[in-house]
file data-v2.cif (mmCIF, C-alpha atoms)
data_start
loop_
_atom_site.label_atom_id
_atom_site.label_comp_id
_atom_site.auth_asym_id
_atom_site.auth_seq_id
_atom_site.Cartn_x
_atom_site.Cartn_y
_atom_site.Cartn_z
CA MET A 14 -11.31 8.14 -11.45
CA GLU A 15 -9.11 7.42 -14.46
CA LYS A 16 -5.91 5.49 -15.08
CA LEU A 17 -2.94 7.84 -15.14
CA THR A 18 0.81 7.79 -15.63
CA ILE A 19 2.65 10.48 -13.70
CA THR A 20 6.23 11.42 -14.46
CA ALA A 21 8.41 13.72 -12.39
CA THR A 22 11.50 15.01 -14.17
CA LEU A 23 14.34 15.41 -11.70
CA ALA A 24 16.90 18.19 -11.56
CA THR A 25 18.98 16.65 -8.74
CA PRO A 26 19.59 13.10 -7.42
CA PHE A 27 17.09 11.92 -4.84
CA VAL A 28 17.63 10.37 -1.44
CA THR A 29 15.58 7.63 0.18
CA GLY A 30 15.62 6.13 3.63
CA GLY A 31 14.22 2.89 2.21
CA GLY A 32 10.69 2.04 1.15
CA TYR A 33 8.89 2.07 -2.16
CA MET A 34 7.93 5.77 -2.45
CA THR A 35 4.41 4.99 -3.64
CA PHE A 36 2.49 7.82 -5.29
CA ASP A 37 -0.20 7.84 -2.58
CA ALA A 38 2.56 8.41 0.00
CA ILE A 39 3.82 11.42 -1.97
CA LEU A 40 0.29 12.89 -2.07
CA ALA A 41 -0.36 12.00 1.60
CA GLY A 42 2.73 13.98 2.60
CA THR A 43 1.58 17.02 0.64
CA LEU A 44 -1.95 16.79 2.02
CA PHE A 45 -0.63 16.49 5.57
CA ASP A 46 1.35 19.72 5.07
CA GLN A 47 -1.90 21.42 4.04
CA ILE A 48 -4.34 19.84 6.51
CA GLY A 49 -2.17 19.05 9.53
CA ASP A 50 -4.10 15.90 10.48
CA VAL A 51 -2.84 12.45 9.51
CA ASP A 52 -6.23 10.70 9.23
CA GLU A 53 -7.86 13.57 7.32
CA ALA A 54 -4.88 13.78 4.99
CA HIS A 55 -5.10 10.07 4.18
CA ALA A 56 -8.86 10.27 3.63
CA ALA A 57 -8.37 13.14 1.17
CA ILE A 58 -5.96 11.31 -1.17
CA PRO A 59 -7.71 11.50 -4.59
CA ILE A 60 -6.80 7.95 -5.59
CA GLN A 61 -9.01 4.86 -5.81
CA CYS A 62 -8.80 2.98 -2.51
CA THR A 63 -9.94 -0.59 -1.84
CA GLU A 64 -10.03 -1.52 1.85
CA GLY A 65 -7.12 0.76 2.66
CA LEU A 66 -5.08 -0.21 -0.40
CA TYR A 67 -4.49 2.74 -2.73
CA HIS A 68 -4.36 2.05 -6.45
CA ALA A 69 -1.03 3.81 -6.86
CA SER A 70 2.26 2.21 -7.85
CA ALA A 71 5.69 2.58 -6.35
CA ALA A 72 8.06 5.03 -8.02
CA PHE A 73 9.87 3.43 -10.94
CA PHE A 74 13.07 4.84 -12.39
CA LYS A 75 16.10 3.90 -14.45
CA PRO A 76 19.03 4.60 -12.14
CA LEU A 77 22.06 6.23 -13.71
CA ASP A 78 23.95 5.68 -10.47
CA TYR A 79 23.36 4.18 -7.01
CA SER A 80 25.44 5.26 -4.03
CA SER A 81 25.05 6.13 -0.37
CA ILE A 82 25.27 9.45 1.38
CA ASP A 83 25.83 10.28 5.04
CA PHE A 84 24.29 13.11 7.01
CA VAL A 85 25.20 14.15 10.53
CA ALA A 86 22.42 15.15 12.92
CA ASN A 87 23.33 16.89 16.16
CA LEU A 88 21.34 15.81 19.19
CA ARG A 89 21.67 18.10 22.20
CA ALA A 90 19.89 16.46 25.11
CA ASN A 91 20.62 19.26 27.56
CA HIS A 92 18.45 21.81 25.76
CA SER A 93 14.81 21.03 26.41
CA LEU A 94 14.16 17.35 25.88
CA ASP A 95 10.51 16.46 26.41
CA PRO A 96 10.43 13.77 29.18
CA SER A 97 7.55 12.04 27.40
CA LEU A 98 9.95 11.19 24.58
CA ILE A 99 12.30 9.28 26.87
CA ALA A 100 11.81 5.53 27.19
CA LYS A 101 10.01 4.44 30.35
CA LYS A 102 10.64 1.49 32.63
CA PRO A 103 8.27 -1.46 32.14
CA ASP A 104 5.94 0.03 34.79
CA GLY A 105 5.26 2.80 32.24
CA LYS A 106 5.78 5.57 34.77
CA THR A 107 9.38 6.18 35.65
CA ILE A 108 12.00 7.25 33.14
CA HIS A 109 14.28 4.40 32.16
CA LYS A 110 17.39 6.30 33.13
CA ALA A 111 17.89 9.89 34.18
CA ILE A 112 20.23 11.76 31.87
CA GLY A 113 23.17 12.95 33.95
CA MET A 114 26.03 15.09 32.67
CA LYS A 115 28.09 12.05 31.76
CA ARG A 116 25.25 10.56 29.75
CA ARG A 117 24.51 13.89 28.08
CA ARG A 118 27.94 13.66 26.53
CA ASP A 119 26.78 10.44 24.87
CA PHE A 120 24.33 12.52 22.89
CA GLY A 121 25.74 14.65 20.13
CA ALA A 122 26.55 14.07 16.52
CA VAL A 123 24.76 11.06 14.99
CA MET A 124 25.55 9.93 11.47
CA ASN A 125 22.78 8.46 9.31
CA THR A 126 23.34 6.76 5.97
CA TYR A 127 20.81 6.98 3.13
CA SER A 128 20.61 5.69 -0.44
CA LEU A 129 21.40 8.27 -3.10
CA ILE A 130 19.90 7.61 -6.52
CA CYS A 131 20.68 9.50 -9.67
CA ALA A 132 17.91 9.25 -12.29
CA ASN A 133 16.48 11.47 -14.99
CA SER A 134 12.92 10.94 -13.84
CA ILE A 135 10.57 8.79 -11.76
CA THR A 136 7.28 7.38 -13.01
CA CYS A 137 4.19 6.20 -11.14
CA CYS A 138 0.89 4.69 -12.33
CA ASP A 139 -2.37 5.20 -10.53
CA GLU A 140 -6.13 5.32 -10.77
CA GLY A 141 -7.32 8.67 -9.51
CA ASP A 142 -8.88 12.08 -10.02
CA ARG A 143 -6.75 13.86 -12.63
CA SER A 144 -7.61 17.47 -11.79
CA GLN A 145 -7.14 17.02 -8.04
CA ILE A 146 -3.83 15.23 -8.59
CA GLU A 147 -2.66 18.02 -10.91
CA ASN A 148 -3.44 20.58 -8.22
CA LEU A 149 -1.67 18.56 -5.56
CA VAL A 150 1.56 17.84 -7.46
CA ALA A 151 1.93 21.37 -8.86
CA PRO A 152 3.50 22.77 -5.66
CA ILE A 153 5.72 19.71 -5.04
CA TYR A 154 9.21 20.90 -5.87
CA PHE A 155 11.12 18.17 -4.04
CA ILE A 156 10.54 14.44 -3.41
CA GLY A 157 12.23 11.80 -1.26
CA THR A 158 14.00 12.58 1.97
CA ARG A 159 16.65 15.25 2.71
CA ARG A 160 14.66 17.63 0.55
CA ALA A 161 15.85 20.64 2.56
CA SER A 162 19.41 19.73 1.55
CA GLY A 163 18.47 20.13 -2.10
CA PHE A 164 18.01 16.49 -3.04
CA GLY A 165 15.10 15.22 -5.17
CA GLU A 166 14.36 18.52 -6.92
CA VAL A 167 11.53 18.16 -9.42
CA SER A 168 11.82 20.36 -12.50
CA SER A 169 8.43 19.38 -13.95
CA TRP A 170 5.43 17.08 -13.53
CA GLU A 171 3.69 15.38 -16.44
CA ILE A 172 0.35 13.61 -16.11
CA GLU A 173 -0.98 11.59 -18.99
CA GLU A 174 -3.49 8.85 -19.65
CA GLY A 175 -2.27 5.47 -18.40
CA VAL A 176 -3.06 1.79 -18.84
CA SER A 177 -2.30 0.37 -15.39
CA ASP A 178 -4.49 0.47 -12.28
CA GLY A 179 -1.38 1.05 -10.15
CA LEU A 180 -1.60 -2.38 -8.53
CA THR A 181 -0.34 -4.97 -11.01
CA GLY A 182 1.48 -4.68 -14.32
CA SER A 183 0.70 -6.41 -17.60
CA ASP A 184 2.87 -9.35 -16.43
CA LYS A 185 0.66 -9.69 -13.29
CA LYS A 186 3.59 -8.69 -11.06
CA PRO A 187 2.83 -6.23 -8.24
CA LEU A 188 3.66 -2.58 -8.89
CA ARG A 189 3.52 -1.74 -5.18
CA PRO A 190 3.30 -3.60 -1.84
CA ILE A 191 -0.01 -5.50 -1.79
CA PRO A 192 -1.06 -7.61 1.23
CA GLU A 193 -1.24 -11.34 0.50
CA ALA A 194 -5.01 -11.53 0.93
CA ALA A 195 -5.65 -8.70 -1.55
CA PHE A 196 -3.21 -9.82 -4.27
CA THR A 197 -4.65 -11.53 -7.33
CA GLY A 198 -1.58 -11.45 -9.59
CA ASP A 199 1.40 -13.75 -10.05
CA LYS A 200 1.82 -15.60 -6.73
CA THR A 201 5.46 -16.43 -7.51
CA SER A 202 6.27 -12.74 -6.99
CA LEU A 203 8.58 -11.70 -4.19
CA ARG A 204 7.00 -11.45 -0.72
CA ALA A 205 8.24 -9.26 2.11
CA ASP A 206 7.14 -7.74 5.38
CA THR A 207 6.63 -4.06 4.58
CA GLY A 208 4.31 -1.04 4.89
CA TRP A 209 1.32 -1.23 2.54
CA ARG A 210 -0.74 1.85 3.38
CA PRO A 211 -0.07 5.30 4.76
CA ALA A 212 1.42 6.03 7.21
CA TYR A 213 4.03 3.69 5.72
CA TRP A 214 6.49 4.31 8.53
CA HIS A 215 4.02 3.24 11.24
CA PRO A 216 4.55 -0.33 12.58
CA ALA A 217 0.79 -0.99 12.61
CA ASP A 218 0.59 -0.39 8.83
CA ARG A 219 2.97 -3.21 7.97
CA SER A 220 2.02 -6.66 6.72
CA ILE A 221 3.35 -9.51 4.58
CA CYS A 222 2.96 -8.24 1.04
CA TYR A 223 3.73 -9.14 -2.52
CA VAL A 224 6.25 -6.54 -3.64
CA SER A 225 7.70 -5.36 -6.92
CA GLU A 226 11.35 -5.90 -6.11
CA LEU A 227 13.83 -6.15 -3.28
CA LEU A 228 13.71 -2.50 -2.28
CA LEU A 229 13.29 -2.44 1.48
CA MET B 13 -0.05 -11.25 9.42
CA ASN B 14 1.56 -8.38 11.28
CA THR B 15 5.13 -8.74 12.60
CA PHE B 16 4.22 -7.57 16.07
CA GLU B 17 1.23 -9.87 16.48
CA PHE B 18 3.46 -12.71 15.30
CA PHE B 19 6.21 -11.75 17.79
CA ASN B 20 3.76 -11.58 20.69
CA GLN B 21 1.87 -14.73 19.79
CA HIS B 22 4.93 -16.95 19.47
CA PHE B 23 7.57 -15.27 21.66
CA GLY B 24 6.55 -12.07 23.47
CA LYS B 25 3.72 -13.67 25.46
CA HIS B 26 6.34 -15.75 27.30
CA LEU B 27 8.21 -12.59 28.30
CA VAL B 28 5.78 -9.77 29.18
CA GLU B 29 2.09 -9.19 29.82
CA GLN B 30 0.16 -8.48 26.63
CA GLN B 31 -1.28 -5.04 27.27
CA GLY B 32 -1.87 -2.18 24.85
CA LYS B 33 -1.15 -2.24 21.14
CA PRO B 34 0.90 -5.15 19.76
CA HIS B 35 3.95 -3.02 18.94
CA GLU B 36 3.91 -1.53 22.45
CA ALA B 37 4.05 -5.02 23.99
CA VAL B 38 6.92 -5.87 21.64
CA ALA B 39 8.84 -2.76 22.74
CA ARG B 40 8.35 -3.76 26.39
CA ALA B 41 9.63 -7.28 25.72
CA LEU B 42 12.74 -5.89 24.01
CA ILE B 43 13.71 -3.36 26.67
CA ALA B 44 12.52 -5.04 29.89
CA SER B 45 14.78 -7.26 31.99
CA HIS B 46 13.77 -10.92 32.19
CA MET B 47 14.47 -13.68 34.70
CA LEU B 48 17.36 -15.83 33.55
CA ALA B 49 17.75 -19.54 34.24
CA SER B 50 20.63 -18.57 36.54
CA GLY B 51 18.23 -16.62 38.78
CA ARG B 52 19.57 -13.20 37.77
CA ARG B 53 17.72 -10.71 35.62
CA SER B 54 18.85 -9.36 32.27
CA ARG B 55 17.61 -7.67 29.13
CA LEU B 56 17.81 -9.54 25.84
CA SER B 57 21.35 -8.24 25.46
CA SER B 58 23.27 -11.09 23.86
CA GLY B 59 22.86 -14.05 21.55
CA TRP B 60 20.10 -14.59 19.04
CA ALA B 61 16.50 -15.73 18.65
CA ILE B 62 14.60 -17.43 15.86
CA VAL B 63 10.82 -17.25 16.11
CA LYS B 64 8.61 -19.48 13.97
CA PRO B 65 4.93 -20.28 14.39
CA ARG B 66 4.49 -22.02 17.74
CA MET B 67 8.24 -22.32 18.24
CA ALA B 68 10.71 -19.80 19.61
CA THR B 69 14.38 -20.70 20.00
CA MET B 70 17.03 -18.50 21.56
CA GLN B 71 20.57 -18.64 22.86
CA LEU B 72 20.25 -16.63 26.09
CA LYS B 73 18.85 -19.01 28.72
CA LEU B 74 15.81 -17.48 30.35
CA ALA B 75 13.84 -18.97 33.22
CA THR B 76 10.70 -19.54 31.13
CA PRO B 77 10.36 -23.16 29.96
CA SER B 78 8.14 -22.20 26.99
CA ILE B 79 11.13 -21.25 24.84
CA ASN B 80 13.70 -23.64 23.35
CA TYR B 81 17.34 -22.90 24.13
CA ASP B 82 20.22 -23.56 21.79
CA GLU B 83 23.95 -22.88 22.21
CA ARG B 84 24.88 -22.62 18.53
CA THR B 85 26.37 -19.37 17.22
CA ARG B 86 24.18 -16.85 15.39
CA THR B 87 25.62 -17.79 12.02
CA GLN B 88 25.22 -21.53 12.60
CA ALA B 89 21.61 -21.17 13.79
CA PHE B 90 20.54 -18.80 10.99
CA LEU B 91 22.29 -20.89 8.34
CA PHE B 92 20.58 -24.10 9.48
CA GLU B 93 17.18 -22.40 9.41
CA LEU B 94 17.71 -20.95 5.93
CA GLU B 95 19.13 -24.19 4.54
CA HIS B 96 16.04 -26.03 5.85
CA TRP B 97 13.59 -23.33 4.80
CA ILE B 98 9.99 -24.52 4.92
CA GLN B 99 8.20 -21.41 3.58
CA THR B 100 6.92 -20.36 6.99
CA PRO B 101 7.21 -16.81 8.39
CA THR B 102 10.32 -16.54 10.54
CA LEU B 103 11.81 -13.80 12.67
CA PHE B 104 15.61 -13.70 12.89
CA MET B 105 16.86 -11.51 15.74
CA VAL B 106 20.34 -10.60 16.95
CA PHE B 107 20.69 -9.19 20.46
CA ASP B 108 23.42 -6.94 21.80
CA LYS B 109 23.97 -4.29 24.46
CA LYS B 110 21.90 -1.80 22.47
CA PRO B 111 18.25 -2.95 22.55
CA LEU B 112 16.63 -4.09 19.33
CA SER B 113 14.19 -1.46 18.09
CA VAL B 114 10.60 -2.35 17.15
CA THR B 115 11.07 -0.43 13.90
CA ASP B 116 13.85 -2.86 12.97
CA LEU B 117 11.72 -5.98 13.40
CA PHE B 118 10.70 -7.60 10.11
CA LEU B 119 9.50 -11.09 9.30
CA THR B 120 11.25 -13.16 6.66
CA VAL B 121 8.77 -14.88 4.35
CA ASP B 122 10.84 -15.42 1.21
CA LEU B 123 14.46 -16.57 0.79
CA ARG B 124 14.84 -13.83 -1.83
CA ALA B 125 14.29 -11.23 0.89
CA VAL B 126 15.83 -12.53 4.11
CA ARG B 127 15.74 -10.00 6.92
CA ILE B 128 18.10 -10.22 9.88
CA CYS B 129 16.99 -7.84 12.65
CA THR B 130 19.97 -6.37 14.51
CA PRO B 131 20.30 -3.53 17.02
CA VAL B 132 22.00 -1.40 14.34
CA GLY B 133 19.26 -1.92 11.76
CA VAL B 134 17.66 -4.61 9.66
CA GLN B 135 19.86 -6.36 7.08
CA THR B 136 18.01 -7.43 3.93
CA PHE B 137 19.44 -9.68 1.24
CA ASP B 138 18.65 -12.32 -1.36
CA TYR B 139 19.84 -15.60 0.19
CA THR B 140 19.64 -17.39 -3.16
CA GLN B 141 22.36 -15.12 -4.55
CA GLN B 142 26.08 -15.00 -3.80
CA SER B 143 27.18 -12.23 -1.49
CA THR B 144 29.47 -9.45 -2.70
CA GLU B 145 31.76 -7.02 -0.92
CA LEU B 146 28.84 -4.61 -0.67
CA SER B 147 26.40 -7.17 0.76
CA PRO B 148 25.16 -6.81 4.35
CA GLN B 149 27.34 -8.39 7.05
CA TYR B 150 25.09 -11.41 7.66
CA HIS B 151 24.79 -12.17 3.94
CA ARG B 152 28.57 -12.32 3.72
CA LEU B 153 28.90 -14.40 6.91
CA LEU B 154 26.20 -16.89 5.87
CA PHE B 155 27.54 -17.21 2.34
CA ARG B 156 31.07 -17.84 3.69
CA GLU B 157 29.72 -20.50 6.06
CA ARG B 158 27.77 -22.16 3.22
CA CYS B 159 30.89 -22.32 1.08
CA LYS B 160 32.86 -23.78 4.02
CA ASN B 161 30.22 -26.44 4.61
CA ALA B 162 30.06 -27.32 0.92
CA SER B 163 33.83 -27.84 0.59
#
call {"tool": "encode", "arguments": {"input": "data-v2.cif", "output": "structure tokens"}}
result
Amino acid sequence: MEKLTITATLATPFVTGGGYMTFDAILAGTLFDQIGDVDEAHAAIPIQCTEGLYHASAAFFKPLDYSSIDFVANLRANHSLDPSLIAKKPDGKTIHKAIGMKRRRDFGAVMNTYSLICANSITCCDEGDRSQIENLVAPIYFIGTRRASGFGEVSSWEIEEGVSDGLTGSDKKPLRPIPEAAFTGDKTSLRADTGWRPAYWHPADRSICYVSELLL
Amino acid sequence: MNTFEFFNQHFGKHLVEQQGKPHEAVARALIASHMLASGRRSRLSSGWAIVKPRMATMQLKLATPSINYDERTRTQAFLFELEHWIQTPTLFMVFDKKPLSVTDLFLTVDLRAVRICTPVGVQTFDYTQQSTELSPQYHRLLFRERCKNAS
């Protein structure tokens, strides 16, 4: 394991649905695409890990522009909606409400708003296996969300020797979400309730953490 | 400290049986109907709740005596709590017809990252800063109320 600085040069603006876009999350997503199992994918991340905390920073960037962007998703409940996906009554057995024709009309176009960030590049610091990381990032052509819409296109990856362990910077501020009990840096840093390990979206993986900035 | 364990320990245990994973019990508490003080049943579909360690306060009057009830408006209640901030984890919730989602529940532990959990998403803002036109709704409301109180 060695300290690394990873830079992705961007060809298009990137979109986020919130969160810190830590480098271990980027690798976990790629590994999941290859392996198809969440736990195995997380175990295969080639980054130093201490009690579930990966030594990989959030993505840092100098924004040229911040804005929001809306996407419309069409939900058609009358196709083949899996009943197991529908909320159940408190008894856990019966469906909360049957979807009649009137209610089906309630489903349809749903608009979601995301943050759109224009930056030349993003940079992450980590402590990991250089050759494995090189192999993993090589086929990553897009980062962030709404990748299929062309956002977050990566034109090149650069991996070089770094100085940070991916947890705290030279000023002792956190470079990523770090649970209170595991943080040894500047305790005046911002604290927030957020995901600290993959899967970052899962409620069980959230905790009160020291975080780098108000980016939630 | 996990948000869902906190919710269940200080609020959810008064509403539903604690079975399964913590976030599953939270989801049940948010979508189930509860006995009101009036004798009718209702979901948590109006008003607000503030949950702090060993003390839950809400506007909608339920039958359970383990929760404190308070008739102030959402803005008044949240503003009082933030103005008298004592560095303890707090959950600010807004209820409406649409149930609050477990994925939109976040604890507030720092005035620089206040999180108001609403049925249309969590609103995050720095309470120590002035609000702007682009600030979340509750940041603007609370800042306006603060200015009114100060004048």
call {"tool": "atom_distance", "arguments": {"input": "data-v2.cif", "atom1": "CA of Thr126 (chain A)", "atom2": "CA of Asp78 (chain A)"}}
result
16.5 Å
call {"tool": "residues_near_point", "arguments": {"input": "data-v2.cif", "point": "(6.6, -7.2, 27.7)", "cutoff": "12 Å", "atoms": "all atoms listed in the file", "output": "PyMOL selection string"}}
result
(chain A and resi 102-105) or (chain B and resi 16+19-21+23-46+55-56)
call {"tool": "residues_around", "arguments": {"input": "data-v2.cif", "residues": "Leu77 (chain A)", "least_positions_apart": "4", "cutoff": "10 Å", "atoms": "only C-alpha atoms", "output": "MDAnalysis selection string"}}
result
chainID A and resid 26 130:133
call {"tool": "closest_atom_pairs", "arguments": {"input": "data-v2.cif", "of": "chain A", "to": "chain B", "cutoff": "10 Å", "atoms": "all atoms listed in the file", "output": "tab-separated table"}}
result
residue	atom	partner	partner_atom	distance
A:Ala100	CA	B:Ile43	CA	9.1
A:Lys101	CA	B:Arg40	CA	9.3
A:Lys102	CA	B:Ala44	CA	7.3
A:Pro103	CA	B:Ala44	CA	6.0
A:Asp104	CA	B:Arg40	CA	9.5
A:Gly105	CA	B:Arg40	CA	9.3
A:His109	CA	B:Ile43	CA	9.5
A:Pro192	CA	B:Met13	CA	9.0
A:Glu193	CA	B:Met13	CA	9.0
A:Ala194	CA	B:Met13	CA	9.8
A:Ser202	CA	B:Asp122	CA	9.8
A:Leu203	CA	B:Asp122	CA	6.9
A:Arg204	CA	B:Asp122	CA	5.9
A:Ala205	CA	B:Val121	CA	6.1
A:Asp206	CA	B:Leu119	CA	5.7
A:Thr207	CA	B:Phe118	CA	7.7
A:Trp214	CA	B:Thr115	CA	8.5
A:His215	CA	B:Thr115	CA	8.4
A:Pro216	CA	B:Thr115	CA	6.7
A:Ala217	CA	B:His35	CA	7.4
A:Asp218	CA	B:Asn14	CA	8.4
A:Arg219	CA	B:Asn14	CA	6.3
A:Ser220	CA	B:Asn14	CA	4.9
A:Ile221	CA	B:Met13	CA	6.2
A:Cys222	CA	B:Met13	CA	9.4
A:Glu226	CA	B:Ala125	CA	9.3
A:Leu227	CA	B:Ala125	CA	6.6
A:Leu228	CA	B:Thr136	CA	9.0
A:Leu229	CA	B:Thr136	CA	7.3
call {"tool": "write_last_selection", "arguments": {"input": "data-v2.cif", "atoms": "C-alpha atoms", "output": "mmCIF file, in the frame of the given file"}}
result
data_model
loop_
_atom_site.group_PDB
_atom_site.id
_atom_site.type_symbol
_atom_site.label_atom_id
_atom_site.label_comp_id
_atom_site.auth_asym_id
_atom_site.auth_seq_id
_atom_site.Cartn_x
_atom_site.Cartn_y
_atom_site.Cartn_z
ATOM 1 C CA ALA A 100 11.810 5.530 27.190
ATOM 2 C CA LYS A 101 10.010 4.440 30.350
ATOM 3 C CA LYS A 102 10.640 1.490 32.630
ATOM 4 C CA PRO A 103 8.270 -1.460 32.140
ATOM 5 C CA ASP A 104 5.940 0.030 34.790
ATOM 6 C CA GLY A 105 5.260 2.800 32.240
ATOM 7 C CA HIS A 109 14.280 4.400 32.160
ATOM 8 C CA PRO A 192 -1.060 -7.610 1.230
ATOM 9 C CA GLU A 193 -1.240 -11.340 0.500
ATOM 10 C CA ALA A 194 -5.010 -11.530 0.930
ATOM 11 C CA SER A 202 6.270 -12.740 -6.990
ATOM 12 C CA LEU A 203 8.580 -11.700 -4.190
ATOM 13 C CA ARG A 204 7.000 -11.450 -0.720
ATOM 14 C CA ALA A 205 8.240 -9.260 2.110
ATOM 15 C CA ASP A 206 7.140 -7.740 5.380
ATOM 16 C CA THR A 207 6.630 -4.060 4.580
ATOM 17 C CA TRP A 214 6.490 4.310 8.530
ATOM 18 C CA HIS A 215 4.020 3.240 11.240
ATOM 19 C CA PRO A 216 4.550 -0.330 12.580
ATOM 20 C CA ALA A 217 0.790 -0.990 12.610
ATOM 21 C CA ASP A 218 0.590 -0.390 8.830
ATOM 22 C CA ARG A 219 2.970 -3.210 7.970
ATOM 23 C CA SER A 220 2.020 -6.660 6.720
ATOM 24 C CA ILE A 221 3.350 -9.510 4.580
ATOM 25 C CA CYS A 222 2.960 -8.240 1.040
ATOM 26 C CA GLU A 226 11.350 -5.900 -6.110
ATOM 27 C CA LEU A 227 13.830 -6.150 -3.280
ATOM 28 C CA LEU A 228 13.710 -2.500 -2.280
ATOM 29 C CA LEU A 229 13.290 -2.440 1.480
#
call {"tool": "residues_around", "arguments": {"input": "data-v2.cif", "residues": "region 59-69 of chain A", "least_positions_apart": "3", "cutoff": "6 Å", "atoms": "all atoms listed in the file", "output": "list of chain:residue names"}}
result
A:Phe36, A:Asp37, A:Cys138, A:Asp139, A:Glu140, A:Gly141, A:Asp142, A:Gly179, A:Leu180
call {"tool": "resolve_selection", "arguments": {"input": "data-v2.cif", "expression": "the PyMOL selection byres ((chain B and resi 50) around 9)", "output": "list in words"}}
result
Met47, Leu48, Ala49, Gly51, Arg52, Arg53, Lys73, Leu74 and Ala75 of chain B
call {"tool": "resolve_selection", "arguments": {"input": "data-v2.cif", "expression": "the PyMOL selection byres ((chain A and resi 167) around 12)", "output": "list in words"}}
result
Thr20, Ala21, Thr22, Leu23, Ala24, Thr25, Pro26, Phe27, Ala132, Asn133, Ser134, Ile135, Val150, Ala151, Pro152, Ile153, Tyr154, Phe155, Ile156, Gly157, Arg160, Gly163, Phe164, Gly165, Glu166, Ser168, Ser169, Trp170 and Glu171 of chain A
call {"tool": "atom_distance", "arguments": {"input": "data-v2.cif", "atom1": "CA of Asp178 (chain A)", "atom2": "CA of Leu129 (chain A)"}}
result
28.6 Å
call {"tool": "axis_aligned_box", "arguments": {"input": "data-v2.cif", "around": "region 43-60 of chain A", "padding_each_side": "8 Å", "output": "AutoDock Vina command-line options"}}
result
--center_x -3.6 --center_y 14.7 --center_z 2.4 --size_x 26.4 --size_y 29.5 --size_z 32.1
call {"tool": "resolve_selection", "arguments": {"input": "data-v2.cif", "expression": "the PyMOL selection byres ((chain B and resi 66) around 10)", "output": "short mmCIF file (atom, residue, chain, number, x, y, z; two decimals) with C-alpha atoms, in the coordinates of the input"}}
result
data_model
loop_
_atom_site.label_atom_id
_atom_site.label_comp_id
_atom_site.auth_asym_id
_atom_site.auth_seq_id
_atom_site.Cartn_x
_atom_site.Cartn_y
_atom_site.Cartn_z
CA PHE B 18 3.46 -12.71 15.30
CA GLN B 21 1.87 -14.73 19.79
CA HIS B 22 4.93 -16.95 19.47
CA PHE B 23 7.57 -15.27 21.66
CA VAL B 63 10.82 -17.25 16.11
CA LYS B 64 8.61 -19.48 13.97
CA PRO B 65 4.93 -20.28 14.39
CA MET B 67 8.24 -22.32 18.24
CA ALA B 68 10.71 -19.80 19.61
CA SER B 78 8.14 -22.20 26.99
CA ILE B 79 11.13 -21.25 24.84
#
call {"tool": "closest_residue", "arguments": {"input": "data-v2.cif", "among": "B:Gln141, B:Phe155, B:Trp60, B:Pro131", "to": "Asn80 (chain B)", "atoms": "all atoms listed in the file"}}
result
B:Trp60
call {"tool": "residues_around", "arguments": {"input": "data-v2.cif", "residues": "Cys159 (chain B)", "least_positions_apart": "4", "cutoff": "12 Å", "atoms": "all atoms listed in the file", "output": "list of chain:residue names"}}
result
B:Leu91, B:Gln142, B:Ser143, B:Arg152, B:Leu153, B:Leu154, B:Phe155, B:Ser163
call {"tool": "atom_distance", "arguments": {"input": "data-v2.cif", "atom1": "CA of Tyr223 (chain A)", "atom2": "CA of Ile191 (chain A)"}}
result
5.3 Å
call {"tool": "residues_near_point", "arguments": {"input": "data-v2.cif", "point": "(17.0, -17.1, 16.9)", "cutoff": "8 Å", "atoms": "all atoms listed in the file", "output": "ChimeraX atom specification"}}
result
/B:60-63,68-71,86,89-90,103-106
call {"tool": "closest_residue", "arguments": {"input": "data-v2.cif", "among": "B:Gly59, B:Ser113, B:Val132, B:Tyr139", "to": "Trp97 (chain B)", "atoms": "all atoms listed in the file"}}
result
B:Tyr139
